[in-house]
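*Asks:* Quick one, protein-v1.cif (mmCIF, C-alpha atoms and all ligand atoms):
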```cif
data_coords
loop_
_atom_site.label_atom_id
_atom_site.label_comp_id
_atom_site.auth_asym_id
_atom_site.auth_seq_id
_atom_site.Cartn_x
_atom_site.Cartn_y
_atom_site.Cartn_z
CA MET A 1 94.97 81.86 81.67
CA ASP A 2 96.77 78.75 82.87
CA TYR A 3 97.31 79.95 86.45
CA GLU A 4 98.63 76.56 87.64
CA MET A 5 101.40 76.66 85.05
CA LEU A 6 102.20 80.30 85.88
CA LYS A 7 102.30 79.47 89.60
CA GLU A 8 104.74 76.58 89.10
CA LYS A 9 106.93 78.79 86.93
CA MET A 10 106.89 81.48 89.62
CA ILE A 11 107.98 78.97 92.27
CA LYS A 12 110.77 77.56 90.14
CA GLN A 13 112.15 80.71 88.53
CA GLN A 14 111.55 83.36 91.20
CA ILE A 15 111.62 81.50 94.51
CA LEU A 16 113.62 78.26 94.31
CA ALA A 17 116.14 79.86 91.94
CA ARG A 18 116.82 82.56 94.55
CA GLY A 19 117.44 80.08 97.31
CA VAL A 20 114.17 79.79 99.23
CA ASN A 21 113.79 76.03 99.62
CA ASN A 22 111.80 75.46 102.82
CA LYS A 23 109.40 72.73 101.66
CA LYS A 24 106.51 73.92 103.81
CA VAL A 25 106.83 77.45 102.43
CA LEU A 26 106.97 76.16 98.84
CA ASP A 27 103.93 73.93 99.44
CA ALA A 28 102.01 76.85 100.95
CA MET A 29 102.82 79.01 97.92
CA ARG A 30 101.64 76.14 95.69
CA ASN A 31 98.37 75.86 97.58
CA ILE A 32 97.40 79.53 97.52
CA PRO A 33 96.30 80.99 94.16
CA ARG A 34 97.82 84.47 94.11
CA HIS A 35 95.53 85.66 91.31
CA GLU A 36 92.59 85.56 93.74
CA PHE A 37 94.21 88.35 95.81
CA VAL A 38 94.70 90.96 93.08
CA ARG A 39 92.24 93.18 91.26
CA GLU A 40 90.25 91.61 88.42
CA LYS A 41 91.99 93.74 85.80
CA ASP A 42 95.47 92.79 87.07
CA LYS A 43 95.06 89.00 87.27
CA GLU A 44 97.29 88.35 84.26
CA TYR A 45 100.24 89.84 86.21
CA ALA A 46 99.60 87.90 89.44
CA TYR A 47 102.51 85.46 89.00
CA ASP A 48 104.98 88.03 87.67
CA ASP A 49 108.17 88.88 89.54
CA CYS A 50 106.92 92.13 91.07
CA ALA A 51 104.81 93.80 93.72
CA MET A 52 101.41 94.97 92.45
CA PRO A 53 98.92 97.69 93.36
CA ILE A 54 95.88 96.56 95.39
CA GLY A 55 94.20 99.98 95.68
CA GLU A 56 94.30 102.61 98.44
CA GLY A 57 97.94 103.30 97.50
CA GLN A 58 99.00 99.90 98.86
CA THR A 59 100.63 96.82 97.34
CA ILE A 60 100.69 93.03 97.42
CA SER A 61 104.35 92.13 97.91
CA GLN A 62 106.51 90.46 95.25
CA PRO A 63 106.10 86.63 95.42
CA TYR A 64 109.79 86.11 96.21
CA ILE A 65 109.58 88.57 99.12
CA VAL A 66 106.54 86.73 100.54
CA ALA A 67 108.44 83.43 100.30
CA TYR A 68 111.64 84.93 101.69
CA MET A 69 109.90 86.51 104.69
CA SER A 70 107.93 83.33 105.38
CA GLU A 71 111.14 81.28 105.46
CA PHE A 72 113.08 83.94 107.42
CA LEU A 73 110.32 83.81 110.05
CA MET A 74 111.21 80.17 110.85
CA PRO A 75 107.63 78.83 110.62
CA ASP A 76 106.22 76.02 112.72
CA ASN A 77 102.71 74.58 112.84
CA ASP A 78 102.57 74.75 116.64
CA LEU A 79 103.14 78.50 116.82
CA LYS A 80 101.12 81.69 116.96
CA VAL A 81 102.00 84.60 114.66
CA LEU A 82 101.07 88.28 114.54
CA GLU A 83 101.06 89.94 111.10
CA ILE A 84 101.01 93.71 110.79
CA GLY A 85 99.74 94.85 107.38
CA THR A 86 97.14 92.39 106.03
CA GLY A 87 96.99 94.18 102.67
CA SER A 88 95.51 91.80 100.10
CA GLY A 89 95.56 88.88 102.57
CA TYR A 90 97.95 86.83 100.40
CA GLN A 91 100.76 86.63 102.96
CA THR A 92 98.09 85.99 105.62
CA ALA A 93 96.88 82.92 103.71
CA ILE A 94 100.44 81.58 103.41
CA LEU A 95 100.94 82.14 107.16
CA ALA A 96 97.68 80.32 107.92
CA LEU A 97 99.12 77.19 106.26
CA LEU A 98 102.41 77.50 108.14
CA PHE A 99 101.24 78.41 111.66
CA LYS A 100 98.65 77.30 114.18
CA GLU A 101 97.07 80.75 114.65
CA VAL A 102 97.42 83.96 112.66
CA TYR A 103 96.48 87.35 114.11
CA THR A 104 96.49 90.02 111.42
CA ILE A 105 96.03 93.79 111.66
CA GLU A 106 95.34 96.21 108.80
CA ARG A 107 95.02 99.99 109.09
CA ILE A 108 92.77 100.48 106.04
CA GLU A 109 89.30 99.05 106.62
CA ILE A 110 88.40 98.64 102.95
CA LEU A 111 91.50 96.44 102.40
CA GLN A 112 90.82 94.41 105.53
CA ASP A 113 87.21 93.81 104.41
CA ARG A 114 88.36 92.73 100.95
CA ALA A 115 91.01 90.40 102.36
CA LYS A 116 88.47 88.83 104.75
CA LYS A 117 86.10 88.19 101.87
CA VAL A 118 88.77 86.53 99.71
CA LEU A 119 90.15 84.47 102.60
CA LYS A 120 86.65 83.11 103.34
CA ASN A 121 86.92 81.08 100.12
CA PHE A 122 89.83 79.06 101.47
CA ASN A 123 88.22 77.59 104.61
CA LEU A 124 91.08 78.75 106.79
CA ASP A 125 89.71 78.80 110.32
CA ASN A 126 92.84 79.98 112.13
CA ILE A 127 92.92 83.66 111.09
CA TYR A 128 91.82 86.48 113.44
CA PHE A 129 91.41 89.98 112.02
CA ARG A 130 91.66 93.43 113.52
CA THR A 131 91.37 96.83 111.85
CA GLY A 132 93.53 99.62 113.23
CA ASP A 133 97.08 100.73 113.93
CA GLY A 134 99.20 97.60 114.24
CA THR A 135 102.28 99.45 115.49
CA SER A 136 100.97 98.93 119.02
CA GLY A 137 100.53 95.20 118.40
CA TRP A 138 97.65 93.16 119.82
CA GLN A 139 98.24 93.23 123.56
CA GLU A 140 95.29 91.02 124.57
CA LYS A 141 96.56 88.13 122.42
CA ALA A 142 100.26 88.44 123.35
CA PRO A 143 102.73 86.83 123.70
CA PHE A 144 103.31 85.83 120.07
CA ASP A 145 105.89 83.28 118.91
CA ARG A 146 106.42 85.22 115.72
CA ILE A 147 105.75 88.78 114.54
CA ILE A 148 105.93 89.71 110.85
CA ILE A 149 105.60 93.31 109.69
CA THR A 150 104.84 93.61 106.01
CA GLY A 151 105.60 97.30 105.62
CA ALA A 152 108.58 99.57 106.30
CA LEU A 153 109.51 100.77 109.77
CA GLN A 154 112.36 103.03 110.91
CA GLU A 155 112.86 100.64 113.79
CA ILE A 156 110.93 97.86 115.45
CA PRO A 157 108.83 99.51 118.19
CA GLU A 158 109.55 98.51 121.79
CA ILE A 159 105.83 97.90 122.33
CA LEU A 160 105.99 95.09 119.72
CA LYS A 161 109.13 93.63 121.28
CA GLU A 162 107.23 93.48 124.57
CA GLN A 163 104.66 91.19 122.89
CA ILE A 164 107.07 88.52 121.61
CA ASN A 165 107.87 85.23 123.32
CA LYS A 166 111.30 86.06 124.83
CA GLU A 167 112.33 82.42 125.14
CA SER A 168 112.20 81.53 121.45
CA GLY A 169 110.39 84.26 119.49
CA VAL A 170 111.29 85.78 116.11
CA ILE A 171 110.41 89.17 114.61
CA VAL A 172 110.87 89.89 110.89
CA ALA A 173 110.45 93.37 109.40
CA PRO A 174 111.81 95.64 106.67
CA VAL A 175 113.68 98.33 108.60
CA GLY A 176 115.13 101.55 107.21
CA GLY A 177 113.84 104.62 105.42
CA ARG A 178 110.50 105.41 103.83
CA LEU A 179 111.69 104.34 100.38
CA ILE A 180 114.23 101.53 100.89
CA GLN A 181 114.96 99.13 103.71
CA LYS A 182 116.88 96.01 104.80
CA MET A 183 115.04 92.98 106.08
CA GLN A 184 115.72 92.59 109.77
CA ARG A 185 115.27 89.51 111.93
CA ILE A 186 115.38 89.53 115.71
CA ILE A 187 115.79 86.12 117.26
CA TYR A 188 115.07 85.74 120.99
CA LYS A 189 116.64 82.96 123.00
CA ASP A 190 116.43 82.74 126.78
CA ASN A 191 115.59 86.45 127.09
CA LYS A 192 118.51 87.53 124.91
CA GLU A 193 118.06 89.28 121.57
CA MET A 194 120.12 88.68 118.42
CA VAL A 195 119.65 91.02 115.45
CA GLU A 196 120.36 89.84 111.89
CA GLU A 197 120.23 91.67 108.60
CA GLY A 198 118.75 90.10 105.46
CA ILE A 199 118.21 91.32 101.91
CA GLY A 200 117.54 94.86 100.73
CA CYS A 201 113.89 95.59 99.91
CA VAL A 202 111.34 98.25 99.04
CA PHE A 203 108.09 98.37 101.04
CA VAL A 204 105.31 100.89 101.51
CA PRO A 205 105.56 102.53 104.94
CA ILE A 206 103.78 101.38 108.06
CA ILE A 207 101.89 104.47 109.18
CA GLY A 208 101.04 104.79 112.83
CA LYS A 209 101.84 105.86 116.36
CA TYR A 210 105.15 103.95 116.35
CA GLY A 211 105.66 103.99 112.58
CA PHE A 212 105.97 106.64 109.88
CA LYS A 213 103.78 109.70 109.99
CA GLU A 214 101.15 110.17 107.27
N1 LIG A 301 101.39 91.32 103.05
C1 LIG A 301 100.50 92.05 102.20
C2 LIG A 301 100.02 91.23 101.05
O1 LIG A 301 100.43 90.08 100.90
O2 LIG A 301 99.18 91.74 100.31
C3 LIG A 301 101.13 93.31 101.72
C4 LIG A 301 101.14 94.37 102.72
S1 LIG A 301 101.40 95.97 102.10
C5 LIG A 301 103.03 95.91 101.49
C6 LIG A 301 101.51 96.85 103.65
C7 LIG A 301 100.18 96.98 104.33
O3 LIG A 301 100.39 97.54 105.62
C8 LIG A 301 99.21 97.90 103.62
O4 LIG A 301 98.01 97.23 103.36
C9 LIG A 301 99.01 99.04 104.61
O5 LIG A 301 97.72 99.60 104.58
C10 LIG A 301 99.27 98.35 105.93
N2 LIG A 301 99.62 99.24 107.04
C11 LIG A 301 100.28 100.43 107.01
N3 LIG A 301 100.39 100.93 108.25
C12 LIG A 301 99.78 100.05 109.09
C13 LIG A 301 99.55 100.00 110.49
N4 LIG A 301 99.99 100.96 111.31
N5 LIG A 301 98.89 98.94 111.00
C14 LIG A 301 98.43 97.95 110.20
N6 LIG A 301 98.60 97.93 108.86
C15 LIG A 301 99.27 98.98 108.30
#
```
Go ahead and render the structure in this file as structure tokens.
Ligand code: SAM

*Replies:*
Amino acid sequence: MDYEMLKEKMIKQQILARGVNNKKVLDAMRNIPRHEFVREKDKEYAYDDCAMPIGEGQTISQPYIVAYMSEFLMPDNDLKVLEIGTGSGYQTAILALLFKEVYTIERIEILQDRAKKVLKNFNLDNIYFRTGDGTSGWQEKAPFDRIIITGALQEIPEILKEQINKESGVIVAPVGGRLIQKMQRIIYKDNKEMVEEGIGCVFVPIIGKYGFKE
């Protein structure tokens, strides 16, 4: 398989063509080989325009969605980000190239262990992992400049909002029902909150104390 060629095609036809053109995001997508984050038997589909199963009933998000969310998050190399839903670790790797520090929480231990193992191969030394319910955030490491939630929520929990930098923070999450959602971005400026709606999307639910019930 010519993964380099497939990756370039993915960036051109799925990401740039749909309007994501943040250079740092595109470079990060170029530098992370997506096929390393999917199951051996699925590698040939790694650069296709779709989400894919990663086991445990969970998915690695569609490449365009990863790019879109990364750009929507307004990345900056000086900032600290919290990711809820490590999954395969693919989005985590992209974030590690875009931010100073990445704190990532995954509910399913087997996925977190797998993601850790894959991410070890990339010599990224700015990722901190936690296994558990991310809907309560990571209080000890707060405040965060950015929070990204890579699964569906009915609403963004107050406890997460309490952990964002209120001067200039940003939260991005798919918000809506269990089956279909709209991407939501909350931008904080001088303690005020501005809510914006992005594209429609389909994510697996975030299950937890302040998320969906199992
Ligand atoms: N960003 C991931 C990637 O690139 O592979 C995809 C994430 S997948 C769509 C959503 C993930 O959120 C799943 O791995 C799921 O187990 C996890 N999840 C669900 N509820 C959670 C919770 N309360 N806390 C942390 N992770 C959770």

*Asks:* Which one is closest to ligand LIG 301 (chain A): A:Gly134, A:Gly211, A:Gly169, A:Gly198? Count all atoms listed in the file.

*Replies:*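 Looking at the shortest contact to ligand LIG 301 (chain A), the residue is A:Gly134.
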
*Asks:* Check which residues fall inside 7 Å of ligand LIG 301 (chain A) when counting all atoms listed in the file, and print them as a PyMOL selection string.

*Replies:* chain A and resi 58-61+66+84-92+105-108+111+132-135+150-151+203-208+211

*Asks:* Grab the residues selected above and save them as a PDB file, in the frame of the given file with C-alpha atoms.

*Replies:*
```pdb
ATOM      1  CA  GLN A  58      99.000  99.900  98.860  1.00  0.00           C
ATOM      2  CA  THR A  59     100.630  96.820  97.340  1.00  0.00           C
ATOM      3  CA  ILE A  60     100.690  93.030  97.420  1.00  0.00           C
ATOM      4  CA  SER A  61     104.350  92.130  97.910  1.00  0.00           C
ATOM      5  CA  VAL A  66     106.540  86.730 100.540  1.00  0.00           C
ATOM      6  CA  ILE A  84     101.010  93.710 110.790  1.00  0.00           C
ATOM      7  CA  GLY A  85      99.740  94.850 107.380  1.00  0.00           C
ATOM      8  CA  THR A  86      97.140  92.390 106.030  1.00  0.00           C
ATOM      9  CA  GLY A  87      96.990  94.180 102.670  1.00  0.00           C
ATOM     10  CA  SER A  88      95.510  91.800 100.100  1.00  0.00           C
ATOM     11  CA  GLY A  89      95.560  88.880 102.570  1.00  0.00           C
ATOM     12  CA  TYR A  90      97.950  86.830 100.400  1.00  0.00           C
ATOM     13  CA  GLN A  91     100.760  86.630 102.960  1.00  0.00           C
ATOM     14  CA  THR A  92      98.090  85.990 105.620  1.00  0.00           C
ATOM     15  CA  ILE A 105      96.030  93.790 111.660  1.00  0.00           C
ATOM     16  CA  GLU A 106      95.340  96.210 108.800  1.00  0.00           C
ATOM     17  CA  ARG A 107      95.020  99.990 109.090  1.00  0.00           C
ATOM     18  CA  ILE A 108      92.770 100.480 106.040  1.00  0.00           C
ATOM     19  CA  LEU A 111      91.500  96.440 102.400  1.00  0.00           C
ATOM     20  CA  GLY A 132      93.530  99.620 113.230  1.00  0.00           C
ATOM     21  CA  ASP A 133      97.080 100.730 113.930  1.00  0.00           C
ATOM     22  CA  GLY A 134      99.200  97.600 114.240  1.00  0.00           C
ATOM     23  CA  THR A 135     102.280  99.450 115.490  1.00  0.00           C
ATOM     24  CA  THR A 150     104.840  93.610 106.010  1.00  0.00           C
ATOM     25  CA  GLY A 151     105.600  97.300 105.620  1.00  0.00           C
ATOM     26  CA  PHE A 203     108.090  98.370 101.040  1.00  0.00           C
ATOM     27  CA  VAL A 204     105.310 100.890 101.510  1.00  0.00           C
ATOM     28  CA  PRO A 205     105.560 102.530 104.940  1.00  0.00           C
ATOM     29  CA  ILE A 206     103.780 101.380 108.060  1.00  0.00           C
ATOM     30  CA  ILE A 207     101.890 104.470 109.180  1.00  0.00           C
ATOM     31  CA  GLY A 208     101.040 104.790 112.830  1.00  0.00           C
ATOM     32  CA  GLY A 211     105.660 103.990 112.580  1.00  0.00           C
TER      33      GLY A 211
END
```

*Asks:* Residues near Ile11 (chain A), anyone? I mean within 8 Å using only C-alpha atoms, not counting same-chain ones fewer than 5 positions away, as a list of chain:residue names.

*Replies:*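 Final neighbour list, sorted by chain and number: A:Leu16, A:Leu26, A:Met29, A:Arg30.
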
*Asks:* List as an MDAnalysis selection string the protein and nucleic acid residues near region 77-79 of chain A, meaning an atom at most 12 Å away when only C-alpha atoms are counted, but skip any in the same chain fewer than 2 places from it.

*Replies:* chainID A and resid 24:25 73:75 81:82 94:103 126 143:147 164:165 168:170

*Asks:* A:Leu160, A:Cys201, A:Ala173, A:Ile148: which is nearest Cys50 (chain A), counting only C-alpha atoms?

*Replies:* A:Cys201

*Asks:* Identify the residues around (112.4, 99.1, 113.7) within a radius of 10 Å, measuring from only C-alpha atoms in the coordinates stated by the file, and give them as a list in words.

*Replies:*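 Within the cut-off we find Ile149, Ala152, Leu153, Gln154, Glu155, Ile156, Pro157, Glu158, Leu160, Lys161, Val172, Ala173, Pro174, Val175, Gly176, Gln184, Tyr210 and Gly211 of chain A.
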
*Asks:* Find the residues near Lys12 (chain A): any atom within 12 Å, counting all atoms listed in the file, skip ones fewer than 6 places away on the same chain, and give them as a list in words.

*Replies:*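 After dropping sequence-adjacent residues, the list is Met5, Leu6, Arg18, Gly19, Val20, Asn21, Leu26, Met29, Arg30, Tyr47, Asp49, Pro63, Tyr64 and Ala67 of chain A.
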
*Asks:* Can I get the selection written as a PDB file, in the frame of the given file, with C-alpha atoms?

*Replies:*
```pdb
ATOM      1  CA  MET A   5     101.400  76.660  85.050  1.00  0.00           C
ATOM      2  CA  LEU A   6     102.200  80.300  85.880  1.00  0.00           C
ATOM      3  CA  ARG A  18     116.820  82.560  94.550  1.00  0.00           C
ATOM      4  CA  GLY A  19     117.440  80.080  97.310  1.00  0.00           C
ATOM      5  CA  VAL A  20     114.170  79.790  99.230  1.00  0.00           C
ATOM      6  CA  ASN A  21     113.790  76.030  99.620  1.00  0.00           C
ATOM      7  CA  LEU A  26     106.970  76.160  98.840  1.00  0.00           C
ATOM      8  CA  MET A  29     102.820  79.010  97.920  1.00  0.00           C
ATOM      9  CA  ARG A  30     101.640  76.140  95.690  1.00  0.00           C
ATOM     10  CA  TYR A  47     102.510  85.460  89.000  1.00  0.00           C
ATOM     11  CA  ASP A  49     108.170  88.880  89.540  1.00  0.00           C
ATOM     12  CA  PRO A  63     106.100  86.630  95.420  1.00  0.00           C
ATOM     13  CA  TYR A  64     109.790  86.110  96.210  1.00  0.00           C
ATOM     14  CA  ALA A  67     108.440  83.430 100.300  1.00  0.00           C
TER      15      ALA A  67
END
```

*Asks:* Expressed in Å to a single decimal, how great is the separation between CA of Ile15 (chain A) and CA of Ile186 (chain A)?

*Replies:* 23.0 Å

*Asks:* Adding 6 Å on each side of the box along x, y and z that holds all listed atoms of region 78-85 of chain A, could you give its centre and edge lengths in Å to one decimal, as lines of an AutoDock Vina configuration file?

*Replies:*
```
center_x = 101.4
center_y = 84.8
center_z = 112.2
size_x = 15.4
size_y = 32.1
size_z = 21.6
```

*Asks:* Between A:Glu109, A:Glu83, A:Asp76, A:Glu4, which has the minimum distance to Ser136 (chain A) (counting all atoms listed in the file)?

*Replies:* A:Glu83

*Asks:* If I take CA of Ile32 (chain A) and CA of Lys80 (chain A), how far is one from the other in Å, to one decimal?

*Replies:*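 So the answer is 19.9 Å.
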
*Asks:* Return the single residue from A:Thr104, A:Gln14, A:Ile199, A:Ile110 that is closest to Glu56 (chain A), with distances computed using all atoms listed in the file.

*Replies:* A:Ile110
